[in-house]
Each structure stands twice: as C-alpha cells, then as structure tokens.
Amino acid sequence: MIILFNEKKECYGCSACFNVCPTNAIEMNSDEYGFSYPHINHDLCIKCGLCRMVCPYISDTISAKAPIKAYAAVNRKKNTLKSSASGGVFPALASIVLGMEGIVFGCTLNKEMKPHHIAISSIENLYQLQGSKYVQSDIGRTYCEVKESLDNGIYVLFTGTPCQIAGLKTFLGKEYNNLITADLICHGVASSIFFEDYIKYLEGKLKGRVIKFIFRDKSKGLRKLARVIYEKNGRTHSKLMYPIESYYYKYFLDADIDRDSCYECKYACGNRVGDFTMGDYWGIENIHPEIDKENGVSVLMVNSQKGLELIDEIGKYMEITESDFEKARLYNGQLNEPSPKSNRRDGIFKIWKEGGNVAVAKDYHRRYKNQIYKNRTKELVPEPVIAIIKRILGK
C-alpha cells in the first residue's frame, strides 16, 4: 500500500502526486480546516510509486540554489506599478513570455473567491494574475497543461509558492529550456475554505456580494491595506480595510492560520528553486535610500543561468538596481527561516470548526477590541495632524 505522508506537516498540498497518477487514483480532498491533502483510492492504485517519486517533501531530486544576483526592481509603467503588490516584477516577466507567444501560469480568484491556478496567453488577461493572494491556490491539472505546452515548444512562465515550483519540477522530471519559473517569498499559506468562509462573513456584514478582494491596495501608500469590492442594491461599493479590522488578514500576517507544513518549510530559506524569486524589498529605505519607494519596490533574485540571460530584457520593463542578497534578507524573514507556529492556531481553528465564521469574528473582536478602537480613532485624525504630533514627540 502506497503511503504519501504520515503527518500533515509532511505534505505541502502542491498536487504533484495528483497530476502524475496514471490511473487517476489520487484526489485532493480538504481536511477539517480546509487544507488540501491527497487521498489514494487503493482500488485504482497500481502501486507504481510515481506519486512518491514526484513528492517534493520526499524527493531530493530538485536542488535549491543560492541566488546568483539580487536586485531592487521597480516597474517603469506607473499604472502597472500601482496595480502590483510590490514593485511589479511579475508583469515584467509575464510580458516577456507573452511577447514570445508563450503562456503564463499563476493564481487568480474566481467569482466564488476560490484561489486557483490558470493559464493566460494574452496581455489583456494579465490583470487576472496580478496582486498578492494570501491563501493557498488550487493547482488543479495545470502541471499537466504546462508539460503539454513545453513538449509543443511553447514558452511557459510558471509562478507560485516555492513548494508549487518544486512540485512542478519533480512532476516534469527534466529541464526544459522553454520553461521559466518564479517563486514567491512565501509567508505561508492559509486554507482556501477558511478564506471563503471569511468572505461569507464579510458579505453578511456588508449586506452585499463580494466580487473582488484586493489584499494589497496602494491607494494610501504602502501601508498594508486590503480593499473589498462588493455589490449591494444594484450598485458597486468599495471599502478599505486595515489588517486589524479583518480577522483573516490579521491572523494571516501573524502566521496564526498557516498550513502545518509551512511552519517547517524547507524552502523558507536563502536557497531557491525558481529561476527567479520575487517579493517585497522590505527595509529598502535603509539599504537603498536612493530608490523612490513610494509605490513599492521588489526584490528580484536571479537563481539560474537562464534567469541571468533575461536580465537585459527585464531591464526594458523595470528600473533595476544591483543589490546584495545578504542585505535583502535582513528584513525578509522568510528568506531565513519559516514562520514559527503560533500558539493560537489550534484554538482559532477549533472555534471555527465548532461555531463558524461568526464565532471566529466574535472571539477575534474580543481579543483585539482595544487595538481595533485605537486604529479607528487614529483614522479620524488627519495625517498632517499626526505628523505634527510625531514631530512634537520626537518620533
């Protein structure tokens, strides 16, 4: 009997096993907390062992590499920069591949707010994949789609969390010159069902239907703000949300609701599996004060020769400043180690399992009511007044 994992922390949920199974004996099913795990139908299983061979947790066939180069990067197009979570590296890479009549794979949120990977082949659809999604994406059969495209000589850009990139590479089993991979500096992933249930809570609170959730809105600068867009009484409305106002956002940032494997992730370090690594360049004001950070700056790490060969092309889309990886990791914890497991995690999920989203929200507001009120009071004070107060206090 094939056994893929003994403990939940031994599975990333990357779906490589699901994609490789020749008899479709594997299904990806959700556990009680909404995280996806493979389930083997042993009546269909022929015990070929391919699922274990492609598992990135088990397999050592994919070697992670230290970055060759590190850059601070800012997209040259202001509109693209403002619609990106940080400095706009992804749309630059995507534009290069789409310009070669290639295909780009990445995460999107569908109309039901379910995160899943899709493929796009035109620049007009790039918006579907832009922006951060703080939730685990369903890979589906996209690894199979990638292989088919690569075997047909089509250029492919695949973006995702490091474990998803590792899962793709183990699934493919060989190098492809026409494949470009970009992994994210991943904070950890929350379950899609927990997120979807949070959206239902929002809809009840707003008395409308959520049609879009933007995790990183830049309308008030680089502060971590979410924006929810919803329909109510035939009209479209928009609401900004600070992390403290959202139990999902706050719990995610505090690593309170991550997948078990995220707390021991072997990819949360300096060695990377993608040709590129992209994320926020936190602490840029200390490391590169000469760079304007007003609309976001990305750290772009180049981890392969293939990536190096594309730097000049990337420079057509982005202002890139050569930096240093050791400096870039100073303020980016996931380039050093995984997020520690929160002692609140089990309690949060227990409350959710027993009482649903309303119980989670009630417990959250009880726990953080003082911080919520403090934030609301602060927002009533105009920013110029806050600046004056800070000067008086010497802050």
# chains A, B, ... in the order shown; residues from 1 in each chain; ligands from 1
call {"tool": "residues_around", "arguments": {"residues": "Ile211 of chain A", "least_positions_apart": "6", "cutoff": "9 Å", "atoms": "only C-alpha atoms", "output": "ChimeraX atom specification"}}
result
/A:110-113,228-231
call {"tool": "select_by_dssp", "arguments": {"residues": "segment 137-350 of chain A", "states": "strand (DSSP E)", "output": "number ranges by chain"}}
result
A: 156-160, 179-184, 209-214, 226-232, 235-241, 276-280, 298-302, 318-322
call {"tool": "write_last_selection", "arguments": {"atoms": "C-alpha atoms", "output": "compact mmCIF listing (two decimals), in the first residue's frame"}}
result
# COMPACT_ATOMS: atom_id res chain seq x y z
CA VAL A 156 5.98 28.94 -20.32
CA LEU A 157 6.27 31.15 -17.24
CA PHE A 158 5.04 29.43 -14.08
CA THR A 159 4.72 31.40 -10.85
CA GLY A 160 3.75 30.16 -7.42
CA LEU A 179 10.34 26.93 -19.04
CA ILE A 180 10.85 29.94 -16.75
CA THR A 181 9.88 29.63 -13.10
CA ALA A 182 9.46 32.36 -10.50
CA ASP A 183 8.88 31.52 -6.85
CA LEU A 184 7.43 33.88 -4.28
CA ARG A 209 -21.99 40.21 -2.57
CA VAL A 210 -18.20 40.42 -2.63
CA ILE A 211 -16.96 40.47 -6.22
CA LYS A 212 -13.29 41.27 -5.61
CA PHE A 213 -10.85 41.18 -2.71
CA ILE A 214 -7.56 43.04 -3.11
CA ALA A 226 -6.99 45.42 1.81
CA ARG A 227 -9.85 46.60 -0.39
CA VAL A 228 -13.11 44.75 -0.72
CA ILE A 229 -15.37 45.50 -3.69
CA TYR A 230 -18.96 44.38 -3.35
CA GLU A 231 -22.39 44.72 -4.94
CA LYS A 232 -25.35 45.95 -2.91
CA ARG A 235 -24.63 49.27 -7.07
CA THR A 236 -20.91 48.58 -6.70
CA HIS A 237 -19.22 49.72 -3.48
CA SER A 238 -15.62 49.75 -2.27
CA LYS A 239 -14.27 49.58 1.27
CA LEU A 240 -10.70 49.84 2.57
CA MET A 241 -9.73 47.59 5.44
CA PHE A 276 13.70 33.91 -10.17
CA THR A 277 12.49 34.79 -6.70
CA MET A 278 10.27 37.83 -6.24
CA GLY A 279 8.77 39.65 -3.28
CA ASP A 280 8.71 42.92 -1.37
CA SER A 298 10.52 44.45 -5.36
CA VAL A 299 13.48 42.31 -4.52
CA LEU A 300 14.34 40.28 -7.61
CA MET A 301 16.68 37.36 -7.06
CA VAL A 302 18.22 35.56 -10.02
CA MET A 318 11.91 47.74 -14.93
CA GLU A 319 14.37 50.06 -13.27
CA ILE A 320 16.77 47.57 -11.71
CA THR A 321 19.47 48.41 -9.20
CA GLU A 322 22.02 45.76 -8.34
call {"tool": "closest_residue", "arguments": {"among": "A:Thr23, A:Ser304, A:Ser246, A:Gln130", "to": "Tyr364 of chain A", "atoms": "only C-alpha atoms"}}
result
A:Ser246
call {"tool": "residues_around", "arguments": {"residues": "segment 264-271 of chain A", "least_positions_apart": "4", "cutoff": "6 Å", "atoms": "only C-alpha atoms", "output": "list in words"}}
result
Ala64, Lys65, Ala66, Gln334, Leu335, Asn336, Glu337 and Pro338 of chain A
call {"tool": "closest_residue", "arguments": {"among": "A:Ala72, A:Ser137, A:Asp254, A:Val360", "to": "His116 of chain A", "atoms": "only C-alpha atoms"}}
result
A:Ser137
call {"tool": "select_by_dssp", "arguments": {"residues": "segment 55-207 of chain A", "states": "helix (DSSP H, G or I)", "output": "PyMOL selection string"}}
result
chain A and resi 78-82+89-99+123-129+142-151+162-172+192-206
call {"tool": "atom_distance", "arguments": {"atom1": "atom CA of Tyr368 of chain A", "atom2": "atom CA of Pro243 of chain A"}}
result
11.4 Å
call {"tool": "closest_atom_pairs", "arguments": {"of": "segment 160-239 of chain A", "to": "segment 354-357 of chain A", "cutoff": "8 Å", "atoms": "only C-alpha atoms", "output": "Markdown table"}}
result
| residue | atom | partner | partner_atom | distance |
| --- | --- | --- | --- | --- |
| A:Asp197 | CA | A:Asn357 | CA | 6.3 |
| A:Tyr198 | CA | A:Asn357 | CA | 6.2 |
| A:Tyr201 | CA | A:Asn357 | CA | 6.1 |
call {"tool": "residues_around", "arguments": {"residues": "Lys77 of chain A", "least_positions_apart": "5", "cutoff": "12 Å", "atoms": "only C-alpha atoms", "output": "ChimeraX atom specification"}}
result
/A:82-84,87-89,91-92,295,316-319
